[in-house]
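So this one's work.tsv, TSV, C-alpha atoms and all ligand atoms:
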chain	number	residue	atom	x	y	z
A	1	MET	CA	-49.80	-50.61	68.34
A	2	ASP	CA	-48.39	-52.02	65.18
A	3	LEU	CA	-50.71	-50.80	62.47
A	4	GLN	CA	-49.98	-51.43	58.86
A	5	ASN	CA	-49.83	-48.45	56.53
A	6	VAL	CA	-49.79	-45.84	59.30
A	7	ASP	CA	-46.79	-44.32	57.50
A	8	ARG	CA	-49.06	-43.60	54.57
A	9	VAL	CA	-51.48	-41.37	56.46
A	10	LEU	CA	-51.04	-37.93	54.96
A	11	LEU	CA	-49.56	-35.37	57.32
A	12	ARG	CA	-47.98	-32.00	56.62
A	13	PRO	CA	-44.37	-33.08	56.04
A	14	GLU	CA	-42.92	-30.17	58.04
A	15	ILE	CA	-45.08	-31.14	61.02
A	16	ALA	CA	-44.27	-34.85	60.76
A	17	ALA	CA	-40.58	-33.87	60.85
A	18	LEU	CA	-41.03	-31.54	63.84
A	19	ASN	CA	-40.24	-32.78	67.35
A	20	ALA	CA	-42.69	-31.91	70.11
A	21	TYR	CA	-41.49	-29.18	72.47
A	22	ALA	CA	-38.88	-30.70	74.82
A	23	GLN	CA	-39.65	-29.89	78.44
A	24	GLY	CA	-36.85	-29.32	80.96
A	25	ARG	CA	-35.51	-32.46	82.63
A	26	THR	CA	-36.68	-33.54	86.07
A	27	PRO	CA	-33.93	-34.27	88.60
A	28	SER	CA	-33.66	-37.18	91.01
A	29	ASP	CA	-35.87	-37.00	94.13
A	30	ASP	CA	-33.53	-34.98	96.32
A	31	GLY	CA	-32.21	-32.89	93.43
A	32	PHE	CA	-33.15	-29.46	92.07
A	33	LYS	CA	-35.07	-28.65	88.90
A	34	LEU	CA	-33.22	-25.73	87.36
A	35	SER	CA	-34.25	-26.48	83.80
A	36	SER	CA	-37.49	-24.55	83.24
A	37	ASN	CA	-37.03	-21.11	84.84
A	38	GLU	CA	-39.73	-21.91	87.35
A	39	ASN	CA	-40.19	-20.00	90.57
A	40	PRO	CA	-38.84	-22.04	93.51
A	41	PHE	CA	-41.40	-20.60	95.96
A	42	ASN	CA	-44.72	-22.25	96.70
A	43	PRO	CA	-47.81	-20.18	95.90
A	44	LEU	CA	-48.83	-17.69	98.60
A	45	PRO	CA	-51.58	-18.99	100.91
A	46	GLY	CA	-54.09	-16.43	99.60
A	47	VAL	CA	-53.50	-17.65	96.08
A	48	LEU	CA	-54.20	-21.25	97.02
A	49	ASP	CA	-57.38	-20.20	98.83
A	50	ALA	CA	-58.59	-18.29	95.77
A	51	VAL	CA	-58.01	-21.32	93.56
A	52	ALA	CA	-59.83	-23.59	96.02
A	53	ALA	CA	-62.83	-21.25	95.93
A	54	THR	CA	-63.31	-21.75	92.17
A	55	ASN	CA	-64.86	-25.18	92.28
A	56	ALA	CA	-67.36	-25.32	89.44
A	57	LEU	CA	-65.31	-27.90	87.60
A	58	ASN	CA	-68.34	-29.14	85.66
A	59	ARG	CA	-68.71	-25.69	84.04
A	60	TYR	CA	-66.64	-24.06	81.34
A	61	PRO	CA	-64.57	-21.14	82.54
A	62	ASP	CA	-65.61	-17.53	82.07
A	63	GLY	CA	-64.16	-16.84	78.64
A	64	ALA	CA	-64.50	-13.09	78.99
A	65	ALA	CA	-62.43	-13.02	82.21
A	66	LEU	CA	-63.48	-9.43	82.79
A	67	ALA	CA	-62.33	-9.11	86.40
A	68	LEU	CA	-58.74	-9.97	85.61
A	69	ARG	CA	-58.66	-8.08	82.32
A	70	ASP	CA	-60.04	-4.98	84.03
A	71	ARG	CA	-57.39	-5.26	86.68
A	72	LEU	CA	-54.57	-5.59	84.15
A	73	ALA	CA	-56.03	-2.84	81.98
A	74	ASP	CA	-55.93	-0.49	84.98
A	75	ARG	CA	-52.29	-1.05	85.62
A	76	PHE	CA	-51.36	-0.61	81.95
A	77	GLY	CA	-53.63	2.41	81.56
A	78	VAL	CA	-55.62	0.86	78.70
A	79	GLY	CA	-59.18	-0.30	78.09
A	80	THR	CA	-60.33	-3.83	78.89
A	81	ALA	CA	-60.51	-4.64	75.16
A	82	GLU	CA	-56.79	-3.97	74.94
A	83	VAL	CA	-55.96	-6.88	77.25
A	84	HIS	CA	-56.14	-10.49	76.07
A	85	LEU	CA	-55.47	-13.58	78.19
A	86	GLY	CA	-53.98	-16.88	77.04
A	87	ALA	CA	-53.17	-20.26	78.56
A	88	GLY	CA	-49.58	-19.13	79.05
A	89	SER	CA	-47.92	-16.58	76.86
A	90	VAL	CA	-46.73	-19.38	74.59
A	91	ALA	CA	-50.40	-19.77	73.61
A	92	LEU	CA	-50.48	-16.05	72.88
A	93	LEU	CA	-47.32	-16.24	70.77
A	94	SER	CA	-48.95	-19.00	68.76
A	95	GLN	CA	-52.14	-16.98	68.27
A	96	PHE	CA	-50.35	-13.85	67.10
A	97	ILE	CA	-48.04	-15.75	64.76
A	98	ASN	CA	-51.02	-17.59	63.25
A	99	ALA	CA	-53.00	-14.37	63.02
A	100	ALA	CA	-50.32	-12.56	61.02
A	101	ALA	CA	-48.17	-15.14	59.24
A	102	GLY	CA	-48.79	-18.16	57.04
A	103	PRO	CA	-47.16	-19.99	54.13
A	104	GLY	CA	-44.80	-17.72	52.21
A	105	ASP	CA	-44.44	-15.29	55.11
A	106	GLU	CA	-41.49	-14.76	57.43
A	107	VAL	CA	-41.26	-14.49	61.20
A	108	LEU	CA	-38.11	-12.75	62.35
A	109	TYR	CA	-36.37	-13.19	65.69
A	110	ALA	CA	-32.94	-13.33	67.28
A	111	TRP	CA	-31.14	-16.62	67.78
A	112	ARG	CA	-30.43	-18.11	70.19
A	113	SER	CA	-33.67	-17.12	71.86
A	114	PHE	CA	-36.76	-18.82	73.29
A	115	GLU	CA	-36.77	-22.45	72.17
A	116	ALA	CA	-40.54	-22.43	71.51
A	117	TYR	CA	-40.33	-19.87	68.67
A	118	PRO	CA	-39.09	-22.13	65.83
A	119	GLY	CA	-41.77	-24.79	66.35
A	120	LEU	CA	-44.60	-22.26	66.59
A	121	VAL	CA	-43.50	-20.76	63.28
A	122	VAL	CA	-43.37	-24.17	61.57
A	123	VAL	CA	-46.92	-24.91	62.75
A	124	SER	CA	-48.12	-21.61	61.27
A	125	GLY	CA	-46.73	-22.58	57.88
A	126	ALA	CA	-44.51	-19.49	57.78
A	127	SER	CA	-40.68	-19.53	57.73
A	128	SER	CA	-38.32	-18.45	60.48
A	129	VAL	CA	-35.66	-15.87	59.72
A	130	THR	CA	-33.15	-15.68	62.56
A	131	VAL	CA	-30.48	-13.11	63.31
A	132	PRO	CA	-27.51	-14.19	65.46
A	133	LEU	CA	-27.07	-12.57	68.84
A	134	LEU	CA	-24.12	-10.22	69.32
A	135	PRO	CA	-20.98	-11.71	70.95
A	136	ASP	CA	-22.20	-10.44	74.33
A	137	ALA	CA	-25.44	-12.43	73.84
A	138	ARG	CA	-27.64	-9.37	73.27
A	139	HIS	CA	-30.09	-8.81	70.39
A	140	ASP	CA	-28.50	-7.34	67.26
A	141	LEU	CA	-31.40	-5.03	66.51
A	142	ASP	CA	-29.64	-3.25	63.63
A	143	ALA	CA	-29.14	-6.58	61.88
A	144	MET	CA	-32.73	-7.52	62.66
A	145	ALA	CA	-34.00	-4.28	61.11
A	146	ALA	CA	-31.85	-5.01	58.04
A	147	ALA	CA	-33.35	-8.52	57.81
A	148	ILE	CA	-36.92	-7.26	57.36
A	149	THR	CA	-38.25	-8.11	53.91
A	150	ASP	CA	-41.55	-7.70	52.06
A	151	ARG	CA	-42.51	-11.08	53.47
A	152	THR	CA	-41.85	-10.29	57.14
A	153	ARG	CA	-45.11	-10.44	59.06
A	154	VAL	CA	-44.06	-10.87	62.70
A	155	ILE	CA	-40.95	-9.75	64.57
A	156	ILE	CA	-40.35	-11.14	68.06
A	157	VAL	CA	-38.08	-9.33	70.51
A	158	CYS	CA	-37.39	-11.26	73.73
A	159	THR	CA	-36.19	-9.20	76.69
A	160	PRO	CA	-34.52	-10.34	78.90
A	161	ASN	CA	-33.49	-12.86	76.27
A	162	ASN	CA	-34.18	-16.46	77.17
A	163	PRO	CA	-31.79	-18.32	77.44
A	164	THR	CA	-28.86	-15.88	77.45
A	165	GLY	CA	-30.10	-13.24	79.92
A	166	PRO	CA	-29.41	-9.69	78.65
A	167	ILE	CA	-32.11	-7.06	78.17
A	168	VAL	CA	-32.88	-4.81	75.23
A	169	THR	CA	-32.58	-1.19	76.34
A	170	ALA	CA	-35.37	1.37	75.91
A	171	ALA	CA	-33.17	3.46	73.59
A	172	GLU	CA	-32.29	0.46	71.41
A	173	PHE	CA	-35.89	-0.62	71.16
A	174	GLU	CA	-37.19	2.82	70.24
A	175	ARG	CA	-34.55	3.14	67.54
A	176	PHE	CA	-35.53	-0.30	66.27
A	177	MET	CA	-39.23	0.53	66.19
A	178	ALA	CA	-38.46	3.66	64.18
A	179	SER	CA	-36.97	1.46	61.45
A	180	VAL	CA	-39.71	-1.20	61.41
A	181	PRO	CA	-42.52	-0.55	58.93
A	182	SER	CA	-45.61	0.25	60.97
A	183	ASP	CA	-47.64	-2.42	59.18
A	184	ARG	CA	-45.52	-5.27	60.61
A	185	LEU	CA	-46.52	-6.84	63.92
A	186	VAL	CA	-43.89	-6.62	66.66
A	187	LEU	CA	-44.25	-8.90	69.72
A	188	LEU	CA	-42.28	-7.76	72.75
A	189	ASP	CA	-41.89	-10.93	74.81
A	190	GLU	CA	-41.35	-9.80	78.39
A	191	ALA	CA	-41.79	-13.10	80.21
A	192	TYR	CA	-39.15	-12.12	82.80
A	193	SER	CA	-39.95	-8.42	83.09
A	194	GLU	CA	-40.41	-8.46	86.87
A	195	PHE	CA	-36.86	-9.72	87.45
A	196	VAL	CA	-35.21	-6.84	85.57
A	197	THR	CA	-33.21	-4.41	87.69
A	198	ASP	CA	-31.36	-2.47	84.96
A	199	PRO	CA	-32.91	1.02	84.78
A	200	ASP	CA	-32.05	1.28	81.06
A	201	ARG	CA	-34.38	-1.61	80.20
A	202	VAL	CA	-37.20	-1.33	77.71
A	203	ASP	CA	-40.50	-1.61	79.56
A	204	GLY	CA	-43.50	-2.50	77.44
A	205	ARG	CA	-45.77	-0.81	79.93
A	206	THR	CA	-44.35	2.62	78.99
A	207	LEU	CA	-44.77	1.97	75.25
A	208	ILE	CA	-48.46	1.15	75.16
A	209	GLY	CA	-50.35	3.53	72.90
A	210	ARG	CA	-47.27	4.68	71.04
A	211	TYR	CA	-47.11	2.15	68.19
A	212	PRO	CA	-49.98	0.74	66.11
A	213	ASN	CA	-48.04	-2.50	65.51
A	214	LEU	CA	-46.75	-3.35	69.00
A	215	VAL	CA	-48.11	-6.03	71.34
A	216	VAL	CA	-46.56	-6.67	74.75
A	217	LEU	CA	-46.63	-10.24	76.11
A	218	ARG	CA	-46.28	-11.10	79.78
A	219	THR	CA	-46.92	-14.17	81.90
A	220	PHE	CA	-47.83	-15.28	85.40
A	221	SER	CA	-45.61	-18.36	84.99
A	222	LYS	CA	-42.28	-16.95	86.10
A	223	ALA	CA	-42.23	-14.13	88.67
A	224	TYR	CA	-45.76	-14.90	89.91
A	225	GLY	CA	-45.01	-18.61	90.24
A	226	LEU	CA	-48.13	-19.89	88.47
A	227	ALA	CA	-46.50	-21.95	85.69
A	228	GLY	CA	-48.69	-24.94	86.54
A	229	LEU	CA	-51.91	-23.01	85.92
A	230	ARG	CA	-50.97	-21.67	82.47
A	231	ILE	CA	-51.89	-18.00	82.24
A	232	GLY	CA	-50.32	-15.10	80.40
A	233	TYR	CA	-51.55	-11.87	78.84
A	234	ALA	CA	-51.12	-9.57	75.88
A	235	VAL	CA	-51.56	-5.79	75.89
A	236	GLY	CA	-51.91	-3.92	72.63
A	237	PRO	CA	-54.31	-2.41	70.07
A	238	GLU	CA	-57.76	-3.99	70.09
A	239	ARG	CA	-57.74	-4.88	66.39
A	240	LEU	CA	-54.55	-6.92	66.80
A	241	LEU	CA	-55.82	-8.63	69.94
A	242	ASN	CA	-59.08	-9.47	68.17
A	243	ALA	CA	-57.09	-11.28	65.48
A	244	ALA	CA	-55.35	-13.31	68.20
A	245	ARG	CA	-58.72	-14.02	69.85
A	246	ALA	CA	-59.98	-15.35	66.52
A	247	ALA	CA	-56.95	-17.65	66.31
A	248	ALA	CA	-57.34	-18.89	69.89
A	249	ILE	CA	-58.77	-22.16	71.15
A	250	PRO	CA	-61.87	-20.96	73.01
A	251	MET	CA	-61.98	-20.92	76.82
A	252	SER	CA	-58.46	-22.25	77.38
A	253	VAL	CA	-57.84	-20.03	80.41
A	254	THR	CA	-59.38	-21.78	83.39
A	255	ASP	CA	-61.25	-20.08	86.23
A	256	ASN	CA	-58.56	-21.46	88.57
A	257	ALA	CA	-55.89	-19.66	86.61
A	258	GLN	CA	-57.90	-16.42	86.51
A	259	ALA	CA	-58.53	-16.54	90.27
A	260	ALA	CA	-54.90	-17.28	91.03
A	261	ALA	CA	-53.71	-14.43	88.84
A	262	LEU	CA	-56.13	-11.98	90.47
A	263	ALA	CA	-55.13	-13.10	93.96
A	264	SER	CA	-51.45	-12.80	93.00
A	265	LEU	CA	-51.97	-9.21	91.91
A	266	GLU	CA	-53.61	-8.58	95.32
A	267	ARG	CA	-50.48	-9.91	97.04
A	268	GLU	CA	-48.05	-8.39	94.63
A	269	ASP	CA	-45.83	-6.80	97.28
A	270	GLU	CA	-45.13	-10.20	98.83
A	271	LEU	CA	-44.52	-11.75	95.43
A	272	LEU	CA	-42.20	-9.00	94.31
A	273	ALA	CA	-40.20	-9.34	97.54
A	274	ARG	CA	-39.59	-12.94	96.53
A	275	VAL	CA	-38.65	-11.83	93.03
A	276	ALA	CA	-36.10	-9.42	94.53
A	277	GLU	CA	-34.67	-12.29	96.55
A	278	ILE	CA	-34.24	-14.38	93.39
A	279	GLY	CA	-32.67	-11.40	91.62
A	280	ALA	CA	-30.15	-10.95	94.44
A	281	ARG	CA	-29.35	-14.69	94.37
A	282	ARG	CA	-28.89	-14.44	90.60
A	283	ASP	CA	-26.45	-11.55	90.89
A	284	ALA	CA	-24.45	-13.24	93.66
A	285	LEU	CA	-24.28	-16.48	91.68
A	286	ARG	CA	-23.11	-14.64	88.57
A	287	ASP	CA	-20.37	-12.88	90.55
A	288	GLU	CA	-19.14	-16.20	91.92
A	289	LEU	CA	-19.14	-17.79	88.47
A	290	ILE	CA	-17.17	-14.89	87.04
A	291	ASP	CA	-14.68	-15.32	89.90
A	292	GLN	CA	-14.36	-18.98	88.88
A	293	GLY	CA	-13.36	-17.82	85.39
A	294	TRP	CA	-16.66	-18.12	83.54
A	295	ASN	CA	-17.75	-15.67	80.90
A	296	ILE	CA	-21.39	-15.10	81.89
A	297	PRO	CA	-23.55	-12.60	79.96
A	298	THR	CA	-25.47	-9.99	81.91
A	299	ALA	CA	-28.35	-11.80	83.58
A	300	GLN	CA	-31.65	-9.97	84.04
A	301	GLY	CA	-34.09	-12.89	84.21
A	302	ASN	CA	-34.21	-15.69	86.79
A	303	PHE	CA	-31.54	-17.69	84.96
A	304	LEU	CA	-27.88	-17.66	83.96
A	305	TRP	CA	-26.17	-18.69	80.74
A	306	LEU	CA	-23.03	-20.82	80.77
A	307	PRO	CA	-21.27	-20.76	77.38
A	308	THR	CA	-20.16	-24.40	77.45
A	309	GLY	CA	-19.96	-24.66	73.63
A	310	GLU	CA	-18.94	-28.08	72.32
A	311	ASN	CA	-18.88	-29.41	75.89
A	312	THR	CA	-22.54	-28.65	76.51
A	313	ALA	CA	-23.92	-32.20	76.57
A	314	ALA	CA	-21.15	-33.54	78.82
A	315	ALA	CA	-21.44	-30.54	81.14
A	316	ALA	CA	-25.23	-30.98	81.41
A	317	ASP	CA	-24.67	-34.62	82.34
A	318	ALA	CA	-22.24	-33.59	85.07
A	319	PHE	CA	-24.92	-31.33	86.54
A	320	PHE	CA	-27.53	-34.05	86.21
A	321	ASP	CA	-25.36	-36.62	87.98
A	322	ALA	CA	-25.04	-34.14	90.85
A	323	GLY	CA	-28.86	-33.91	91.12
A	324	LEU	CA	-29.16	-30.66	89.14
A	325	ALA	CA	-31.43	-30.67	86.10
A	326	VAL	CA	-30.33	-27.80	83.85
A	327	ARG	CA	-31.25	-26.91	80.28
A	328	ALA	CA	-28.70	-27.85	77.63
A	329	PHE	CA	-28.71	-26.11	74.26
A	330	ALA	CA	-25.97	-27.97	72.41
A	331	PRO	CA	-23.65	-26.82	70.98
A	332	ASP	CA	-24.05	-23.36	72.50
A	333	GLY	CA	-24.45	-23.52	76.23
A	334	ILE	CA	-26.44	-24.30	79.33
A	335	ARG	CA	-29.20	-22.31	80.98
A	336	ILE	CA	-29.46	-22.63	84.75
A	337	SER	CA	-32.51	-21.30	86.54
A	338	VAL	CA	-31.96	-19.49	89.82
A	339	GLY	CA	-33.71	-21.84	92.21
A	340	GLU	CA	-33.74	-22.80	95.88
A	341	PRO	CA	-30.96	-21.31	98.04
A	342	GLU	CA	-29.77	-24.87	98.79
A	343	SER	CA	-29.11	-25.44	95.08
A	344	VAL	CA	-26.53	-22.67	94.80
A	345	GLU	CA	-23.67	-24.47	96.53
A	346	SER	CA	-24.14	-27.59	94.37
A	347	VAL	CA	-24.21	-25.48	91.20
A	348	LEU	CA	-20.98	-23.73	92.15
A	349	LYS	CA	-19.29	-27.02	92.99
A	350	ILE	CA	-19.99	-28.43	89.52
A	351	THR	CA	-19.16	-25.21	87.66
A	352	LYS	CA	-15.82	-25.10	89.47
A	353	GLU	CA	-15.02	-28.62	88.28
A	354	LEU	CA	-16.17	-27.82	84.74
A	355	VAL	CA	-14.45	-24.53	84.16
A	356	GLY	CA	-11.02	-26.13	83.91
A	357	THR	CA	-12.21	-28.63	81.30
A	358	LEU	CA	-13.45	-26.01	78.85
A	359	ARG	CA	-11.34	-24.85	75.99
A	360	LYS	CA	-11.04	-21.18	75.18
A	361	ASN	CA	-12.44	-20.16	71.84
A	362	PRO	CA	-9.38	-18.98	69.88
A	363	ARG	CA	-11.42	-16.34	68.05
A	364	THR	CA	-12.95	-14.62	71.07
A	365	GLY	CA	-10.53	-15.75	73.79
A	366	GLN	CA	-13.62	-16.71	75.75
A	367	LEU	CA	-14.87	-20.00	77.11
A	368	GLY	CA	-16.97	-22.31	75.06
B	1	LIG	C1	-41.49	-18.91	79.91
B	1	LIG	C2	-41.55	-18.05	78.71
B	1	LIG	C3	-42.76	-17.66	78.14
B	1	LIG	C4	-44.11	-18.02	78.62
B	1	LIG	O1	-44.39	-19.11	79.19
B	1	LIG	P1	-45.90	-19.44	79.58
B	1	LIG	O2	-45.73	-20.35	80.72
B	1	LIG	O3	-46.51	-20.06	78.37
B	1	LIG	O4	-46.59	-18.15	79.93
B	1	LIG	C5	-42.77	-16.81	77.06
B	1	LIG	N1	-41.64	-16.36	76.55
B	1	LIG	C6	-40.46	-16.69	77.07
B	1	LIG	C7	-39.24	-16.11	76.48
B	1	LIG	C8	-40.37	-17.55	78.15
B	1	LIG	O5	-39.19	-17.89	78.63
Let's see the structure in the file written out as structure tokens.
Amino acid sequence: MDLQNVDRVLLRPEIAALNAYAQGRTPSDDGFKLSSNENPFNPLPGVLDAVAATNALNRYPDGAALALRDRLADRFGVGTAEVHLGAGSVALLSQFINAAAGPGDEVLYAWRSFEAYPGLVVVSGASSVTVPLLPDARHDLDAMAAAITDRTRVIIVCTPNNPTGPIVTAAEFERFMASVPSDRLVLLDEAYSEFVTDPDRVDGRTLIGRYPNLVVLRTFSKAYGLAGLRIGYAVGPERLLNAARAAAIPMSVTDNAQAAALASLEREDELLARVAEIGARRDALRDELIDQGWNIPTAQGNFLWLPTGENTAAAADAFFDAGLAVRAFAPDGIRISVGEPESVESVLKITKELVGTLRKNPRTGQLG
């Protein structure tokens, strides 16, 4: 289309300047997609059967989703009203940010963290305030507490942090919460919770009912392998969830997604065995990378962070040419999802070639 005057149509300038969310690259046919932290396993047979049984495609989904919310409420020890579902937890992040922050307000989070946060904040009309990660790629919660102002409305804590990998510990988080005014909404984004093996980790499930301003966000996209169906959930005080519900697009969570999530919870043992397998693969891969000379932060999700620094774009291309789609965050580093067992050898082959080409940072003595 070549329409005259389309440039004159009035848009919010900050939205017109915003790029749409960039999805992870897709590799060549026989390659591996390690760019979106997806689960490499196919859904369990029982999950597929449950989805096939929800066939009323001419009807809107059940917006109340009571069966699934009851189920989740049971495991978190809360009432059904204290569970809210979204079409992925990104949808929930958007709802909570919109519910609490608008023009003139601030949303505070660590950086580098989840790449969806900045765009969601722009759409809300609020401003992002970011606090750099510590040198070991963990949240600097003291600096985040110090960055709270009168205008702060939402604080997002991502653990394990996407894309760098480390967790926030329970002790750190409790100390942080003690310094956050109780009238500011805190979102604990635990998208990778099921992959965490460190016993010192913060676990949102143990914090429910302790803070009036805390909402825990989880998803079925990663450990449960349902990224294609878009379903996540929030657990927290009913009044806060009601505000998110008011900011939601109605009936976005399909019956297919609800059925798949319920069936996945039924088969949780099998799913969590797969998660343990991915966690073991992650730890083995990290050990090998460290042996090659890489400086890899602790990894508690289903992904690893390579601090490729200025060489990020070239390094990502080297992976891509070898059939490995990874996620490049220039000029910081590359995130590699822990995928199929067959992908590991190819990853290690490329990292071995790359490690010699990287310069050491003179300040830290580390790569990248
Ligand atoms: C993947 C991810 C999510 C959620 O993704 P959905 O598919 O929308 O549920 C949320 N937060 C972080 C940090 C993630 O990496």
Cut-off 9 Å, only C-alpha atoms and all ligand atoms, neighbours of ligand LIG 1 (chain B) as a PDB file with C-alpha atoms, in the coordinates of the input:
ATOM      1  CA  SER A  36     -37.490 -24.550  83.240  1.00  0.00           C
ATOM      2  CA  ASN A  37     -37.030 -21.110  84.840  1.00  0.00           C
ATOM      3  CA  GLU A  38     -39.730 -21.910  87.350  1.00  0.00           C
ATOM      4  CA  GLY A  86     -53.980 -16.880  77.040  1.00  0.00           C
ATOM      5  CA  ALA A  87     -53.170 -20.260  78.560  1.00  0.00           C
ATOM      6  CA  GLY A  88     -49.580 -19.130  79.050  1.00  0.00           C
ATOM      7  CA  SER A  89     -47.920 -16.580  76.860  1.00  0.00           C
ATOM      8  CA  VAL A  90     -46.730 -19.380  74.590  1.00  0.00           C
ATOM      9  CA  ALA A  91     -50.400 -19.770  73.610  1.00  0.00           C
ATOM     10  CA  LEU A  92     -50.480 -16.050  72.880  1.00  0.00           C
ATOM     11  CA  LEU A  93     -47.320 -16.240  70.770  1.00  0.00           C
ATOM     12  CA  SER A 113     -33.670 -17.120  71.860  1.00  0.00           C
ATOM     13  CA  PHE A 114     -36.760 -18.820  73.290  1.00  0.00           C
ATOM     14  CA  GLU A 115     -36.770 -22.450  72.170  1.00  0.00           C
ATOM     15  CA  ALA A 116     -40.540 -22.430  71.510  1.00  0.00           C
ATOM     16  CA  TYR A 117     -40.330 -19.870  68.670  1.00  0.00           C
ATOM     17  CA  CYS A 158     -37.390 -11.260  73.730  1.00  0.00           C
ATOM     18  CA  THR A 159     -36.190  -9.200  76.690  1.00  0.00           C
ATOM     19  CA  PRO A 160     -34.520 -10.340  78.900  1.00  0.00           C
ATOM     20  CA  ASN A 161     -33.490 -12.860  76.270  1.00  0.00           C
ATOM     21  CA  ASN A 162     -34.180 -16.460  77.170  1.00  0.00           C
ATOM     22  CA  PRO A 163     -31.790 -18.320  77.440  1.00  0.00           C
ATOM     23  CA  ASP A 189     -41.890 -10.930  74.810  1.00  0.00           C
ATOM     24  CA  GLU A 190     -41.350  -9.800  78.390  1.00  0.00           C
ATOM     25  CA  ALA A 191     -41.790 -13.100  80.210  1.00  0.00           C
ATOM     26  CA  TYR A 192     -39.150 -12.120  82.800  1.00  0.00           C
ATOM     27  CA  LEU A 217     -46.630 -10.240  76.110  1.00  0.00           C
ATOM     28  CA  ARG A 218     -46.280 -11.100  79.780  1.00  0.00           C
ATOM     29  CA  THR A 219     -46.920 -14.170  81.900  1.00  0.00           C
ATOM     30  CA  PHE A 220     -47.830 -15.280  85.400  1.00  0.00           C
ATOM     31  CA  SER A 221     -45.610 -18.360  84.990  1.00  0.00           C
ATOM     32  CA  LYS A 222     -42.280 -16.950  86.100  1.00  0.00           C
ATOM     33  CA  LEU A 226     -48.130 -19.890  88.470  1.00  0.00           C
ATOM     34  CA  ALA A 227     -46.500 -21.950  85.690  1.00  0.00           C
ATOM     35  CA  GLY A 228     -48.690 -24.940  86.540  1.00  0.00           C
ATOM     36  CA  LEU A 229     -51.910 -23.010  85.920  1.00  0.00           C
ATOM     37  CA  ARG A 230     -50.970 -21.670  82.470  1.00  0.00           C
ATOM     38  CA  ILE A 231     -51.890 -18.000  82.240  1.00  0.00           C
ATOM     39  CA  GLY A 232     -50.320 -15.100  80.400  1.00  0.00           C
ATOM     40  CA  TYR A 233     -51.550 -11.870  78.840  1.00  0.00           C
TER      41      TYR A 233
END
* Would you work out the distance separating CA of Asp136 (chain A) from CA of Glu172 (chain A), expressed in Å to one decimal? =>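 About the pair CA of Asp136 (chain A) and CA of Glu172 (chain A): they are 15.1 Å apart.
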Once you count all atoms listed in the file, what closest atom pair and distance in Å to one decimal does each residue of region 202-309 of chain A within 9 Å of region 58-76 of chain A have, with rows by chain and rising residue number, as CSV?
residue,atom,partner,partner_atom,distance
A:Arg205,CA,A:Phe76,CA,5.9
A:Thr206,CA,A:Phe76,CA,8.3
A:Ile208,CA,A:Phe76,CA,7.6
A:Tyr233,CA,A:Leu72,CA,8.8
A:Val235,CA,A:Phe76,CA,8.0
A:Pro250,CA,A:Gly63,CA,7.3
A:Met251,CA,A:Gly63,CA,5.0
A:Ser252,CA,A:Gly63,CA,8.0
A:Val253,CA,A:Pro61,CA,7.1
A:Thr254,CA,A:Pro61,CA,5.3
A:Asp255,CA,A:Pro61,CA,5.1
A:Asn256,CA,A:Pro61,CA,8.5
A:Gln258,CA,A:Leu68,CA,6.6
A:Ala259,CA,A:Leu68,CA,8.1
A:Ala261,CA,A:Leu68,CA,7.5
A:Leu262,CA,A:Leu68,CA,5.9
A:Leu265,CA,A:Arg71,CA,8.5
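Reported to one decimal place, the separation of CA of Ala145 (chain A) from CA of Glu194 (chain A) is 26.9 Å.
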Cut-off 10 Å: closest region 106-134 of chain A/region 140-143 of chain A atom pairs per residue, using all atoms listed in the file, as a Markdown table:
| residue | atom | partner | partner_atom | distance |
| --- | --- | --- | --- | --- |
| A:Tyr109 | CA | A:Leu141 | CA | 9.6 |
| A:Ala110 | CA | A:Asp140 | CA | 7.5 |
| A:Trp111 | CA | A:Asp140 | CA | 9.7 |
| A:Thr130 | CA | A:Ala143 | CA | 10.0 |
| A:Val131 | CA | A:Ala143 | CA | 6.8 |
| A:Pro132 | CA | A:Asp140 | CA | 7.2 |
| A:Leu133 | CA | A:Asp140 | CA | 5.6 |
| A:Leu134 | CA | A:Asp140 | CA | 5.6 |
* **Residue nearest Glu14 (chain A) - candidates A:Val121, A:Ile350, A:Ala170, A:Val51, atoms counted: only C-alpha atoms** => A:Val121
